[in-house]
Amino acid sequence: MTGQSETIAADTLVVGAGMVGLALAVALADAGFRVSVVDREAPGAMTGTGFDGRTSAIAHGSGRLLQAIGVWEHLAGEAEPILDIRVSDGASPLFLHYDRREVGTDAFGHIVENRVLRRALLARAAALPDLTLMAPAELVGIWRGPRRVAARLGDGTRIVAPVIAAAEGRNSALRHAAGITVSEWRYDQTAIVCTLAHVRPHGGVAHERFLPAGPFAILPMTDGPEGQHRSSIVWTERVDLAPALLALDDAAFMAELGHRFGDFLGDLALVGPRWSYPVGVLHAERYIDQRLALVGDAAHVIHPIAGQGLNMGLRDVAALAEVLVDARRLGLDPGDALTLERYQRWRRFDNVTLVVVTDLLNRLFSNDVEPIRLARDIGLAAVQHLPPLKRFFMRHAMGMVGDLPRLVRGERL
């Protein structure tokens, strides 16, 4: 930690050292920005097995970003390629199959444990001399003026910068203090997350099964330390049923899970604890304020139905980093209103579109109404047999549609 009377001059202050906040800090520091990152959690806690049991789907475009900023090399051996995606609707014989060869790629993306991604980001951050991580640290005061931002930490350290990025998650204190309102609602669903070992290899296939209570995702993971084949489960269940399921002993829990999973991978075994998370949507009315930019969950939270939440945040990172770097190269103020407005315009349409699409998909598929079920099964079959439309959806799943920032294209800033 720095001395109590020290003042740190930075080019960007990032509040929040989660996956999105660290990615932004690394991207900017890799481009020559002096970046200060503040978080109340100790770095070691964020990489522990008990901190977060989730995995993330890193889309192809997000993987390019992580490669471009030097993070991928720290996690490549623990990232499982998604070779194919199979979407099915309950017991219906109709399904949608995404084959990577149809879009000429080696993989649609990768499944990575969140703790592994955090560890890789911290390793890369430690290698960048222009990045200062202050954690655990308490942010006790923020002042945003017309020309700069000043922050004060609990130990007296002062940080000054032209711009601050809020990456503290869905309950962002900076967003609240700026008076930015949000549209928010909760679904009648809880996400149950766990890791399974199974006898047969998964073959790199990700499954999204739509059940009446919500989607049931089977995500391919790397083999475990003892060579066991593993998959991550994201099981969306009704809020009123989830507590009883989580309270079951392991044998009874696995019986319930196995009924939904099936036997195509052989015998199943629970690996590690179970976690549960509320499922909801949040979208900020705006992403910017005076010398402030919201990124990741501070700006938007979506249903996990398509596994795109982190990828949206990483595209925020790529766009904001590009906007800030370009402004400085042109001799402009990276924190002024015009610069930040460019970031907001760039990201808003993509984010709003995904909020709406994932909400509609969840409402359409999370029911067992016969006419609706018939219509959606016909829709799945239609996409399966319309190659141009199918290729568009596959490229969208890869994060390769729209006005892509340089980092998402795999280019350096």
# chains A, B, ... in the order shown; residues from 1 in each chain; ligands from 1
$ residues_around --residues "region 20-32 of chain A" --least-positions-apart "5" --cutoff "7 Å" --atoms "only C-alpha atoms" --output "number ranges by chain"
A: 14, 69, 121, 125, 128, 130-131, 167, 296, 313-314, 317, 321, 413
$ residues_around --residues "Ala318 (chain A)" --least-positions-apart "4" --cutoff "7 Å" --atoms "only C-alpha atoms" --output "ChimeraX atom specification"
/A:314,322,405,407-408
$ closest_residue --among "A:Val71, A:Ala127, A:Leu248, A:Val199" --to "Asp267 (chain A)" --atoms "only C-alpha atoms"
A:Val199
$ select_by_dssp --residues "region 113-168 of chain A" --states "helix (DSSP H, G or I)" --output "list of chain:residue names"
A:Asn114, A:Arg115, A:Val116, A:Leu117, A:Arg118, A:Arg119, A:Ala120, A:Leu121, A:Leu122, A:Ala123, A:Arg124, A:Ala125, A:Ala126
$ write_last_selection --atoms "N, CA, C and O atoms" --output "compact mmCIF listing (two decimals), in the first residue's frame"
# COMPACT_ATOMS: atom_id res chain seq x y z
N ASN A 114 -14.08 -18.80 -13.68
CA ASN A 114 -13.89 -17.39 -13.34
C ASN A 114 -12.63 -17.17 -12.52
O ASN A 114 -11.91 -16.18 -12.71
N ARG A 115 -12.34 -18.09 -11.59
CA ARG A 115 -11.15 -17.91 -10.77
C ARG A 115 -9.88 -17.99 -11.62
O ARG A 115 -8.88 -17.30 -11.34
N VAL A 116 -9.90 -18.81 -12.68
CA VAL A 116 -8.74 -18.93 -13.58
C VAL A 116 -8.56 -17.63 -14.36
O VAL A 116 -7.43 -17.14 -14.52
N LEU A 117 -9.66 -17.05 -14.85
CA LEU A 117 -9.56 -15.79 -15.58
C LEU A 117 -9.07 -14.67 -14.67
O LEU A 117 -8.22 -13.86 -15.06
N ARG A 118 -9.56 -14.63 -13.43
CA ARG A 118 -9.07 -13.61 -12.49
C ARG A 118 -7.58 -13.77 -12.24
O ARG A 118 -6.83 -12.78 -12.20
N ARG A 119 -7.15 -15.00 -12.05
CA ARG A 119 -5.73 -15.25 -11.80
C ARG A 119 -4.87 -14.80 -12.98
O ARG A 119 -3.81 -14.19 -12.81
N ALA A 120 -5.35 -15.06 -14.20
CA ALA A 120 -4.61 -14.65 -15.40
C ALA A 120 -4.54 -13.13 -15.52
O ALA A 120 -3.49 -12.56 -15.87
N LEU A 121 -5.65 -12.45 -15.23
CA LEU A 121 -5.67 -10.99 -15.28
C LEU A 121 -4.73 -10.39 -14.24
O LEU A 121 -4.01 -9.42 -14.52
N LEU A 122 -4.72 -10.97 -13.05
CA LEU A 122 -3.82 -10.47 -12.00
C LEU A 122 -2.36 -10.69 -12.37
O LEU A 122 -1.50 -9.83 -12.12
N ALA A 123 -2.06 -11.82 -13.00
CA ALA A 123 -0.68 -12.10 -13.43
C ALA A 123 -0.23 -11.09 -14.47
O ALA A 123 0.90 -10.58 -14.43
N ARG A 124 -1.09 -10.79 -15.43
CA ARG A 124 -0.74 -9.81 -16.46
C ARG A 124 -0.63 -8.42 -15.85
O ARG A 124 0.27 -7.63 -16.19
N ALA A 125 -1.53 -8.08 -14.94
CA ALA A 125 -1.48 -6.76 -14.30
C ALA A 125 -0.17 -6.57 -13.54
O ALA A 125 0.42 -5.47 -13.57
N ALA A 126 0.29 -7.62 -12.88
CA ALA A 126 1.53 -7.52 -12.10
C ALA A 126 2.74 -7.26 -12.99
O ALA A 126 3.76 -6.74 -12.52
$ residues_around --residues "Trp235 (chain A)" --least-positions-apart "2" --cutoff "8 Å" --atoms "only C-alpha atoms" --output "PyMOL selection string"
chain A and resi 191-193+214-217+233+237
$ write_last_selection --atoms "all heavy atoms" --output "JSON list (two decimals), in the first residue's frame"
[["chain", "number", "residue", "atom", "x", "y", "z"],
["A", 191, "ALA", "N", -30.46, -19.25, -10.51],
["A", 191, "ALA", "CA", -29.45, -20.03, -11.23],
["A", 191, "ALA", "C", -28.66, -20.88, -10.23],
["A", 191, "ALA", "O", -28.07, -20.36, -9.29],
["A", 191, "ALA", "CB", -28.51, -19.12, -11.99],
["A", 192, "ILE", "N", -28.71, -22.19, -10.42],
["A", 192, "ILE", "CA", -27.94, -23.12, -9.60],
["A", 192, "ILE", "C", -26.71, -23.54, -10.42],
["A", 192, "ILE", "O", -26.84, -23.97, -11.57],
["A", 192, "ILE", "CB", -28.77, -24.36, -9.24],
["A", 192, "ILE", "CG1", -30.01, -23.94, -8.44],
["A", 192, "ILE", "CG2", -27.95, -25.36, -8.46],
["A", 192, "ILE", "CD1", -31.01, -25.07, -8.21],
["A", 193, "VAL", "N", -25.54, -23.39, -9.82],
["A", 193, "VAL", "CA", -24.29, -23.62, -10.54],
["A", 193, "VAL", "C", -23.48, -24.68, -9.81],
["A", 193, "VAL", "O", -23.34, -24.63, -8.59],
["A", 193, "VAL", "CB", -23.47, -22.32, -10.66],
["A", 193, "VAL", "CG1", -22.16, -22.56, -11.38],
["A", 193, "VAL", "CG2", -24.27, -21.25, -11.37],
["A", 214, "GLY", "N", -36.88, -23.01, -17.05],
["A", 214, "GLY", "CA", -35.81, -22.15, -17.53],
["A", 214, "GLY", "C", -34.73, -22.97, -18.21],
["A", 214, "GLY", "O", -34.76, -24.20, -18.22],
["A", 215, "PRO", "N", -33.72, -22.31, -18.78],
["A", 215, "PRO", "CA", -32.67, -23.02, -19.50],
["A", 215, "PRO", "C", -31.77, -23.85, -18.58],
["A", 215, "PRO", "O", -31.54, -23.49, -17.43],
["A", 215, "PRO", "CB", -31.88, -21.90, -20.17],
["A", 215, "PRO", "CG", -32.18, -20.68, -19.37],
["A", 215, "PRO", "CD", -33.57, -20.85, -18.85],
["A", 216, "PHE", "N", -31.28, -24.95, -19.13],
["A", 216, "PHE", "CA", -30.37, -25.85, -18.42],
["A", 216, "PHE", "C", -29.15, -26.00, -19.32],
["A", 216, "PHE", "O", -29.22, -26.63, -20.38],
["A", 216, "PHE", "CB", -31.04, -27.20, -18.17],
["A", 216, "PHE", "CG", -30.24, -28.18, -17.37],
["A", 216, "PHE", "CD1", -30.38, -28.25, -15.99],
["A", 216, "PHE", "CD2", -29.35, -29.04, -17.99],
["A", 216, "PHE", "CE1", -29.65, -29.17, -15.24],
["A", 216, "PHE", "CE2", -28.61, -29.96, -17.25],
["A", 216, "PHE", "CZ", -28.76, -30.02, -15.88],
["A", 217, "ALA", "N", -28.03, -25.39, -18.93],
["A", 217, "ALA", "CA", -26.83, -25.37, -19.76],
["A", 217, "ALA", "C", -25.80, -26.37, -19.25],
["A", 217, "ALA", "O", -25.55, -26.47, -18.05],
["A", 217, "ALA", "CB", -26.22, -23.98, -19.79],
["A", 233, "ILE", "N", -22.45, -26.81, -14.93],
["A", 233, "ILE", "CA", -23.90, -26.78, -15.05],
["A", 233, "ILE", "C", -24.43, -25.43, -14.61],
["A", 233, "ILE", "O", -24.07, -24.93, -13.54],
["A", 233, "ILE", "CB", -24.55, -27.89, -14.19],
["A", 233, "ILE", "CG1", -23.99, -29.26, -14.55],
["A", 233, "ILE", "CG2", -26.08, -27.85, -14.33],
["A", 233, "ILE", "CD1", -24.17, -29.65, -16.00],
["A", 237, "GLU", "N", -33.84, -22.55, -12.28],
["A", 237, "GLU", "CA", -35.00, -23.19, -11.66],
["A", 237, "GLU", "C", -35.90, -22.13, -11.05],
["A", 237, "GLU", "O", -35.48, -21.00, -10.81],
["A", 237, "GLU", "CB", -34.53, -24.18, -10.59],
["A", 237, "GLU", "CG", -35.59, -25.08, -10.01],
["A", 237, "GLU", "CD", -36.41, -25.80, -11.06],
["A", 237, "GLU", "OE1", -35.97, -26.84, -11.58],
["A", 237, "GLU", "OE2", -37.52, -25.30, -11.35]]
$ closest_residue --among "A:Leu83, A:Val38, A:Val271, A:Cys194" --to "Thr157 (chain A)" --atoms "only C-alpha atoms"
A:Val38
$ closest_atom_pairs --of "region 340-411 of chain A" --to "region 40-62 of chain A" --cutoff "7 Å" --atoms "only C-alpha atoms" --output "CSV"
residue,atom,partner,partner_atom,distance
A:Ala397,CA,A:Ala59,CA,6.9
A:Met398,CA,A:His60,CA,4.8
A:Gly399,CA,A:Gly61,CA,5.1
A:Met400,CA,A:Gly61,CA,5.9
A:Val408,CA,A:Gly61,CA,4.9
A:Arg409,CA,A:Gly61,CA,6.7
$ select_by_dssp --residues "region 35-105 of chain A" --states "strand (DSSP E)" --output "number ranges by chain"
A: 35-38, 55-59, 80-82, 84-89, 95-99
$ atom_distance --atom1 "CA of Ala10 (chain A)" --atom2 "CA of Trp72 (chain A)"
25.8 Å
$ closest_residue --among "A:Gly331, A:Gly109, A:Leu174, A:Ala252" --to "Gly141 (chain A)" --atoms "only C-alpha atoms"
A:Leu174
$ residues_around --residues "Ala197 (chain A)" --least-positions-apart "5" --cutoff "12 Å" --atoms "only C-alpha atoms" --output "list in words"
His202, Ile218, Leu219, Pro220, Met221, Thr222, Asp223, Gly224, Pro225, Glu226, Gly227, Gln228, His229, Arg230, Ser231, Ser232, Ile233, Met254, Leu265, Gly266, Asp267, Leu268, Ala269, Leu270, Val271 and Gly272 of chain A
$ write_last_selection --atoms "C-alpha atoms" --output "short mmCIF file (atom, residue, chain, number, x, y, z; two decimals), in the first residue's frame"
data_model
loop_
_atom_site.label_atom_id
_atom_site.label_comp_id
_atom_site.auth_asym_id
_atom_site.auth_seq_id
_atom_site.Cartn_x
_atom_site.Cartn_y
_atom_site.Cartn_z
CA HIS A 202 -17.96 -34.18 -23.70
CA ILE A 218 -24.12 -28.05 -19.91
CA LEU A 219 -20.78 -26.37 -20.60
CA PRO A 220 -17.61 -28.31 -21.47
CA MET A 221 -14.67 -27.82 -19.10
CA THR A 222 -11.07 -28.98 -19.16
CA ASP A 223 -10.38 -32.31 -17.47
CA GLY A 224 -9.85 -32.16 -13.71
CA PRO A 225 -6.54 -32.63 -11.88
CA GLU A 226 -7.09 -36.38 -11.68
CA GLY A 227 -8.04 -36.67 -15.33
CA GLN A 228 -11.80 -36.80 -14.81
CA HIS A 229 -14.00 -35.38 -17.56
CA ARG A 230 -15.88 -32.31 -16.33
CA SER A 231 -18.76 -30.04 -17.29
CA SER A 232 -20.15 -26.90 -15.69
CA ILE A 233 -23.90 -26.78 -15.05
CA MET A 254 -27.76 -35.59 -8.14
CA LEU A 265 -22.15 -38.82 -20.74
CA GLY A 266 -22.47 -41.83 -18.44
CA ASP A 267 -22.42 -41.81 -14.65
CA LEU A 268 -22.26 -38.38 -13.03
CA ALA A 269 -20.59 -37.17 -9.84
CA LEU A 270 -20.72 -33.80 -8.10
CA VAL A 271 -17.34 -32.05 -7.92
CA GLY A 272 -17.10 -29.35 -5.26
#
